[in-house]
file coords_18.txt (compact mmCIF, C-alpha atoms)
# COMPACT_ATOMS: atom_id res chain seq x y z
CA MET A 950 -36.46 -8.43 -32.45
CA LEU A 951 -33.47 -8.83 -30.17
CA ASN A 952 -34.10 -10.95 -27.07
CA LYS A 953 -33.31 -10.15 -23.46
CA ASN A 954 -30.16 -12.29 -23.39
CA PHE A 955 -28.58 -10.13 -26.09
CA TYR A 956 -29.21 -6.95 -24.10
CA LEU A 957 -27.93 -8.63 -20.93
CA ILE A 958 -24.68 -9.67 -22.64
CA LEU A 959 -24.36 -6.19 -24.14
CA ILE A 960 -24.79 -4.50 -20.73
CA ILE A 961 -22.33 -6.87 -19.01
CA SER A 962 -19.76 -6.30 -21.76
CA ALA A 963 -20.21 -2.53 -21.45
CA VAL A 964 -19.77 -2.70 -17.64
CA PHE A 965 -16.55 -4.70 -17.99
CA GLY A 966 -15.26 -2.50 -20.81
CA ILE A 967 -15.90 0.75 -18.93
CA SER A 968 -14.41 -0.64 -15.71
CA PHE A 969 -11.22 -1.84 -17.40
CA TRP A 970 -10.82 1.43 -19.31
CA ILE A 971 -11.16 3.51 -16.14
CA GLY A 972 -8.89 1.12 -14.20
CA PHE A 973 -6.06 1.39 -16.73
CA ASN A 974 -6.43 5.09 -17.57
CA VAL A 975 -7.37 6.80 -14.28
CA ASN A 976 -4.56 6.97 -11.70
CA LEU A 977 -5.71 7.77 -8.15
CA LEU A 978 -2.35 7.11 -6.47
CA PRO A 979 0.52 9.52 -5.75
CA ALA A 980 3.77 9.42 -7.70
CA GLU A 981 5.81 6.20 -7.72
CA ALA A 982 9.07 6.83 -5.86
CA SER A 983 10.41 3.39 -4.85
CA ILE A 984 11.03 0.06 -6.55
CA ASN A 985 8.09 -1.45 -4.63
CA ALA A 986 5.58 1.18 -5.80
CA PRO A 987 4.88 -0.33 -9.27
CA ILE A 988 4.43 -3.77 -7.70
CA TYR A 989 1.86 -2.49 -5.21
CA ASP A 990 0.08 -0.50 -7.93
CA GLU A 991 -0.60 -3.73 -9.85
CA LEU A 992 -2.73 -5.00 -6.96
CA PHE A 993 -4.47 -1.65 -6.50
CA LYS A 994 -5.38 -1.55 -10.19
CA ILE A 995 -6.95 -5.04 -10.04
CA LEU A 996 -8.93 -4.20 -6.89
CA PHE A 997 -10.01 -0.89 -8.43
CA ILE A 998 -11.32 -2.64 -11.56
CA ILE A 999 -13.19 -5.27 -9.52
CA GLY A 1000 -14.71 -2.52 -7.36
CA LEU A 1001 -15.81 -0.60 -10.47
CA ILE A 1002 -17.45 -3.70 -11.97
CA ILE A 1003 -19.42 -4.32 -8.78
CA PHE A 1004 -20.33 -0.63 -8.30
CA ILE A 1005 -21.44 0.02 -11.90
CA GLY A 1006 -23.21 -3.34 -12.16
CA MET A 1007 -25.13 -2.89 -8.91
CA THR A 1008 -26.05 0.70 -9.79
CA ILE A 1009 -27.52 -0.45 -13.11
CA ALA A 1010 -29.40 -3.30 -11.36
CA VAL A 1011 -30.86 -0.92 -8.76
CA ILE A 1012 -31.97 1.65 -11.37
CA TYR A 1013 -33.50 -1.11 -13.50
CA SER A 1014 -35.36 -2.52 -10.48
CA LEU A 1015 -36.75 0.91 -9.56
CA PHE A 1016 -38.52 1.12 -12.91
CA LYS A 1017 -39.23 -2.56 -13.57
CA PHE A 1018 -40.66 -3.45 -10.17
CA ARG A 1019 -42.17 -0.13 -9.12
CA LYS A 1020 -45.65 -0.17 -7.62
CA ARG A 1021 -48.39 0.14 -10.26
CA LYS A 1022 -51.41 2.38 -9.94
CA ASP A 1023 -53.78 -0.58 -9.66
CA GLN A 1024 -51.58 -2.46 -7.21
CA TYR A 1025 -52.65 -2.49 -3.54
CA GLY A 1026 -50.49 -5.24 -2.07
CA ASP A 1027 -46.80 -6.07 -2.00
CA GLY A 1028 -47.05 -8.64 -4.76
CA ILE A 1029 -45.97 -12.26 -4.74
CA ALA A 1030 -42.84 -12.95 -2.70
CA LEU A 1031 -39.94 -14.49 -4.59
CA GLU A 1032 -38.05 -17.12 -2.63
CA GLY A 1033 -36.33 -20.46 -2.97
CA ASN A 1034 -34.21 -19.65 -6.05
CA LEU A 1035 -31.47 -22.24 -5.54
CA THR A 1036 -29.64 -21.35 -8.76
CA LEU A 1037 -29.36 -17.70 -7.74
CA GLU A 1038 -28.14 -18.66 -4.26
CA ILE A 1039 -25.43 -20.89 -5.73
CA VAL A 1040 -24.30 -18.23 -8.24
CA TRP A 1041 -23.95 -15.39 -5.71
CA THR A 1042 -22.08 -17.70 -3.35
CA ILE A 1043 -19.63 -19.24 -5.83
CA ILE A 1044 -18.70 -16.08 -7.77
CA PRO A 1045 -17.69 -13.97 -4.69
CA SER A 1046 -15.84 -16.98 -3.26
CA ILE A 1047 -13.79 -17.34 -6.45
CA ILE A 1048 -13.07 -13.58 -6.54
CA VAL A 1049 -11.93 -13.56 -2.89
CA LEU A 1050 -9.71 -16.63 -3.46
CA ILE A 1051 -8.06 -15.10 -6.53
CA ILE A 1052 -7.48 -11.76 -4.74
CA GLY A 1053 -6.01 -13.59 -1.75
CA LEU A 1054 -3.54 -15.58 -3.86
CA TYR A 1055 -2.59 -12.52 -5.91
CA SER A 1056 -2.13 -10.41 -2.75
CA TYR A 1057 0.21 -13.07 -1.36
CA ASN A 1058 2.21 -12.94 -4.60
CA ILE A 1059 2.43 -9.14 -4.45
CA TYR A 1060 3.50 -9.21 -0.77
CA ASP A 1061 6.18 -11.78 -1.59
CA ARG A 1062 7.47 -9.72 -4.54
CA MET A 1063 7.65 -6.64 -2.30
CA GLY A 1064 9.84 -8.61 0.12
CA GLY A 1065 7.36 -9.41 2.88
CA MET A 1066 8.04 -13.16 2.67
CA LYS A 1067 11.78 -12.81 2.15
CA GLU A 1068 14.46 -13.18 4.80
CA LEU A 1069 15.22 -9.86 6.44
CA ASN A 1070 18.56 -8.18 5.91
CA HIS A 1071 20.44 -8.86 9.14
CA SER A 1072 23.53 -6.83 8.23
CA HIS A 1073 22.27 -3.80 10.13
CA GLU A 1074 24.87 -2.56 12.60
CA MET A 1075 22.47 -2.72 15.52
CA MET A 1076 21.24 -6.27 14.80
CA THR A 1077 24.23 -8.15 16.15
CA SER A 1078 22.86 -8.76 19.63
CA ASN A 1079 22.04 -12.43 20.18
CA THR A 1080 19.54 -11.58 22.92
CA GLU A 1081 17.43 -9.19 20.83
CA LYS A 1082 14.63 -10.57 18.70
CA ILE A 1083 14.05 -8.75 15.41
CA TRP A 1084 10.42 -8.95 14.42
CA ALA A 1085 9.22 -9.22 10.84
CA GLY A 1086 8.96 -6.39 8.37
CA ILE A 1087 9.34 -5.65 4.68
CA SER A 1088 12.70 -6.86 3.40
CA GLN A 1089 12.91 -6.18 -0.33
CA ALA A 1090 12.91 -7.84 -3.70
CA SER A 1091 16.54 -8.05 -4.75
CA ASN A 1092 16.12 -8.29 -8.52
CA ASN A 1093 16.15 -4.53 -9.05
CA GLU A 1094 18.63 -3.72 -6.33
CA VAL A 1095 20.98 -1.01 -7.56
CA ALA A 1096 23.47 -0.41 -4.78
CA SER A 1097 25.44 -2.92 -2.76
CA ASN A 1098 26.39 -0.57 0.08
CA ASN A 1099 23.14 -0.33 2.03
CA LEU A 1100 22.41 2.66 4.23
CA SER A 1101 21.52 1.72 7.82
CA VAL A 1102 19.28 4.04 9.84
CA GLU A 1103 17.71 3.63 13.28
CA VAL A 1104 14.20 5.06 13.65
CA SER A 1105 12.77 6.02 17.04
CA ALA A 1106 9.04 6.76 17.17
CA MET A 1107 7.50 8.57 20.11
CA GLN A 1108 4.54 10.78 20.90
CA PHE A 1109 4.57 12.64 18.57
CA ALA A 1110 7.69 12.59 16.39
CA PHE A 1111 10.09 10.45 14.39
CA LEU A 1112 13.84 10.66 15.09
CA PHE A 1113 16.42 9.21 12.71
CA ASN A 1114 19.80 8.06 14.02
CA TYR A 1115 22.68 7.57 11.60
CA PRO A 1116 25.08 5.23 13.47
CA LYS A 1117 27.87 5.66 10.94
CA GLY A 1118 27.89 9.43 11.38
CA GLU A 1119 26.93 9.41 15.09
CA PHE A 1120 24.19 12.01 14.76
CA ILE A 1121 20.39 12.26 14.97
CA SER A 1122 18.15 14.10 12.51
CA GLY A 1123 14.51 15.11 12.47
CA GLU A 1124 14.44 14.47 8.72
CA LEU A 1125 15.30 11.26 6.93
CA HIS A 1126 17.84 11.92 4.17
CA VAL A 1127 18.65 9.07 1.78
CA PRO A 1128 20.49 8.77 -1.55
CA VAL A 1129 18.46 7.84 -4.61
CA ASP A 1130 18.81 4.27 -5.96
CA HIS A 1131 20.41 3.05 -2.73
CA LYS A 1132 18.85 0.39 -0.57
CA VAL A 1133 17.95 1.73 2.87
CA SER A 1134 17.66 -0.60 5.86
CA MET A 1135 15.82 0.81 8.87
CA LYS A 1136 15.53 -0.70 12.32
CA MET A 1137 12.48 0.85 13.97
CA GLU A 1138 11.54 1.01 17.66
CA SER A 1139 8.80 2.75 19.60
CA LYS A 1140 9.48 4.52 22.88
CA ASP A 1141 5.86 4.46 24.09
CA VAL A 1142 2.84 3.23 22.09
CA ILE A 1143 2.25 1.63 18.69
CA HIS A 1144 3.10 3.89 15.76
CA ALA A 1145 3.35 3.24 12.02
CA PHE A 1146 5.85 4.45 9.44
CA TRP A 1147 4.03 5.26 6.19
CA VAL A 1148 5.31 6.89 3.00
CA PRO A 1149 2.46 6.93 0.42
CA GLU A 1150 4.79 7.58 -2.55
CA PHE A 1151 6.89 4.53 -1.60
CA ARG A 1152 3.80 2.31 -1.01
CA ILE A 1153 5.32 1.10 2.27
CA LYS A 1154 3.85 1.03 5.75
CA GLN A 1155 5.22 -0.78 8.78
CA ASP A 1156 3.99 -0.83 12.37
CA ILE A 1157 6.45 0.26 15.06
CA ILE A 1158 5.70 -1.68 18.25
CA PRO A 1159 7.07 -1.08 21.78
CA GLY A 1160 9.58 -3.76 22.75
CA GLN A 1161 9.44 -5.41 19.32
CA PRO A 1162 11.98 -3.95 16.85
CA THR A 1163 10.84 -4.16 13.25
CA ILE A 1164 12.75 -3.84 9.99
CA LEU A 1165 11.80 -1.88 6.89
CA ASN A 1166 13.95 -1.96 3.75
CA PHE A 1167 13.31 0.08 0.62
CA THR A 1168 15.06 1.63 -2.37
CA PRO A 1169 13.96 5.14 -3.42
CA THR A 1170 13.97 5.75 -7.17
CA LYS A 1171 12.92 9.39 -7.51
CA VAL A 1172 14.58 12.51 -6.11
CA GLY A 1173 12.25 14.66 -4.05
CA LYS A 1174 10.75 15.42 -0.65
CA TYR A 1175 8.02 13.06 0.59
CA PRO A 1176 5.88 13.04 3.74
CA ILE A 1177 6.33 10.45 6.47
CA ILE A 1178 3.01 9.87 8.21
CA CYS A 1179 2.13 7.96 11.36
CA ALA A 1180 -0.68 5.66 10.21
CA GLU A 1181 -1.56 4.26 13.65
CA LEU A 1182 -3.74 6.18 16.10
CA CYS A 1183 -1.19 6.97 18.82
CA GLY A 1184 -2.72 9.74 20.91
CA PRO A 1185 -4.38 13.17 20.81
CA TYR A 1186 -1.75 14.69 18.48
CA HIS A 1187 -1.55 11.68 16.16
CA GLY A 1188 -2.58 13.81 13.17
CA GLY A 1189 0.43 16.07 13.67
CA MET A 1190 2.99 13.26 13.87
CA ARG A 1191 4.72 13.89 10.58
CA ALA A 1192 8.23 14.03 9.21
CA SER A 1193 9.87 14.21 5.80
CA ILE A 1194 12.07 11.93 3.77
CA ILE A 1195 14.48 13.74 1.47
CA VAL A 1196 15.67 11.66 -1.49
CA GLU A 1197 18.82 13.22 -2.96
CA GLU A 1198 21.44 12.57 -5.54
CA GLU A 1199 24.38 10.74 -4.02
CA SER A 1200 26.66 13.80 -4.10
CA ASP A 1201 24.05 15.97 -2.35
CA TYR A 1202 23.45 13.28 0.24
CA LYS A 1203 27.19 13.03 0.96
CA ASP A 1204 27.39 16.80 1.44
CA TRP A 1205 24.47 16.76 3.88
CA PHE A 1206 25.88 13.75 5.72
CA ASN A 1207 29.35 15.25 6.11
CA LYS A 1208 27.90 18.54 7.37
CA ASN A 1209 26.06 16.70 10.15
CA THR A 1210 28.49 13.96 11.05
CA LYS A 1211 30.77 14.37 14.05
CA THR A 1212 33.75 12.90 12.23
CA GLU A 1213 34.53 12.76 8.53
CA VAL A 1214 33.77 9.30 7.17
CA SER A 1215 33.97 7.88 3.68
CA LEU A 1216 30.64 6.81 2.19
call {"tool": "encode", "arguments": {"input": "coords_18.txt", "output": "structure tokens"}}
result
Amino acid sequence: MLNKNFYLILIISAVFGISFWIGFNVNLLPAEASINAPIYDELFKILFIIGLIIFIGMTIAVIYSLFKFRKRKDQYGDGIALEGNLTLEIVWTIIPSIIVLIIGLYSYNIYDRMGGMKELNHSHEMMTSNTEKIWAGISQASNNEVASNNLSVEVSAMQFAFLFNYPKGEFISGELHVPVDHKVSMKMESKDVIHAFWVPEFRIKQDIIPGQPTILNFTPTKVGKYPIICAELCGPYHGGMRASIIVEEESDYKDWFNKNTKTEVSL
């Protein structure tokens, strides 16, 4: 007859197998539309698998306990209290500590690969002032950089809208238009309270803080129209603070740019 250890190993293996299968085959995220999206998705997948292991494992343990330790018909008390299990205390302290440490180190690696630990691109036209301090933001991993001529845009956030200024064309737009496979460098400022620039398909989110300009660099990789969402509670109409980012082929972007610019410029 098979002993309890065999069944325990079998159950644990099944929990891990199911969790890994779901983690690698079920995609809960929106489409990937920037070079940083696949990098972020690696971390999400690992966290998703760990969460599934804990959820499925704890569910099985609870269901087992409901049947194994249920009150018997001839039982009138609460039974003998179980306490002082030093081995169990050590196990459920060490294992979560190791998991948290590994996730922390891996998260740091992901953030660094996305450009969070890299030096910001200071070539932006409005970053030349020696008296203005540029606060941190997401720079960008340069390995997959496609274009050398970066697009500079100034973002103004206010209750309850985003405005996009194109210094090269001297015009302001309510939509953010960018060419595909070109690095975009945005200097972002808030006119009132804290806002946040979030594009789920790009896997980027950056706070916009009053008096503290922040930088957000990204490279879109997929043509389409994507929502820009304020992810920081900024007032009673916070839920309606939305805009759109239009990723276009370079020729379409040039046509749009030249239609809106005050003077014809070469891109």
call {"tool": "closest_residue", "arguments": {"input": "coords_18.txt", "among": "A:Asn954, A:Lys1017, A:Lys1117, A:Lys1171", "to": "Asn1207 (chain A)", "atoms": "only C-alpha atoms"}}
result
A:Lys1117
call {"tool": "residues_around", "arguments": {"input": "coords_18.txt", "residues": "region 1198-1204 of chain A", "least_positions_apart": "6", "cutoff": "8 Å", "atoms": "all atoms listed in the file", "output": "list in words"}}
result
His1126, Val1127, Pro1128, Val1129, Val1172 and Leu1216 of chain A
call {"tool": "closest_residue", "arguments": {"input": "coords_18.txt", "among": "A:Val1011, A:Val1133, A:Ile1143, A:Ala980", "to": "Ala1180 (chain A)", "atoms": "only C-alpha atoms"}}
result
A:Ile1143
call {"tool": "residues_around", "arguments": {"input": "coords_18.txt", "residues": "Arg1152 (chain A)", "least_positions_apart": "5", "cutoff": "7 Å", "atoms": "all atoms listed in the file", "output": "ChimeraX atom specification"}}
result
/A:985-986,989
call {"tool": "residues_around", "arguments": {"input": "coords_18.txt", "residues": "region 1004-1009 of chain A", "least_positions_apart": "5", "cutoff": "12 Å", "atoms": "all atoms listed in the file", "output": "NGL selection string"}}
result
:A and (957 or 960-969 or 971 or 997-999 or 1014-1017)
call {"tool": "closest_residue", "arguments": {"input": "coords_18.txt", "among": "A:Leu992, A:Met1135, A:Ile1003, A:Leu1182", "to": "Thr1163 (chain A)", "atoms": "all atoms listed in the file"}}
result
A:Met1135
call {"tool": "residues_around", "arguments": {"input": "coords_18.txt", "residues": "Pro1149 (chain A)", "least_positions_apart": "6", "cutoff": "12 Å", "atoms": "all atoms listed in the file", "output": "list in words"}}
result
Leu977, Leu978, Pro979, Ala980, Glu981, Ala982, Ser983, Asn985, Ala986, Tyr989, Asp990, Gln1155, Lys1174, Tyr1175, Pro1176, Ile1177, Ile1178, Cys1179, Ala1180, Ser1193 and Ile1194 of chain A
call {"tool": "atom_distance", "arguments": {"input": "coords_18.txt", "atom1": "CA of Gly1118 (chain A)", "atom2": "CA of Asn1209 (chain A)"}}
result
7.6 Å
call {"tool": "closest_residue", "arguments": {"input": "coords_18.txt", "among": "A:Glu1032, A:Asp1141, A:Glu1124, A:Asp1027", "to": "Gln1108 (chain A)", "atoms": "all atoms listed in the file"}}
result
A:Asp1141
call {"tool": "atom_distance", "arguments": {"input": "coords_18.txt", "atom1": "CA of His1131 (chain A)", "atom2": "CA of Pro1169 (chain A)"}}
result
6.8 Å
call {"tool": "closest_residue", "arguments": {"input": "coords_18.txt", "among": "A:Pro1162, A:Gly1000, A:Gly1033, A:Pro1185", "to": "Ala1106 (chain A)", "atoms": "only C-alpha atoms"}}
result
A:Pro1162
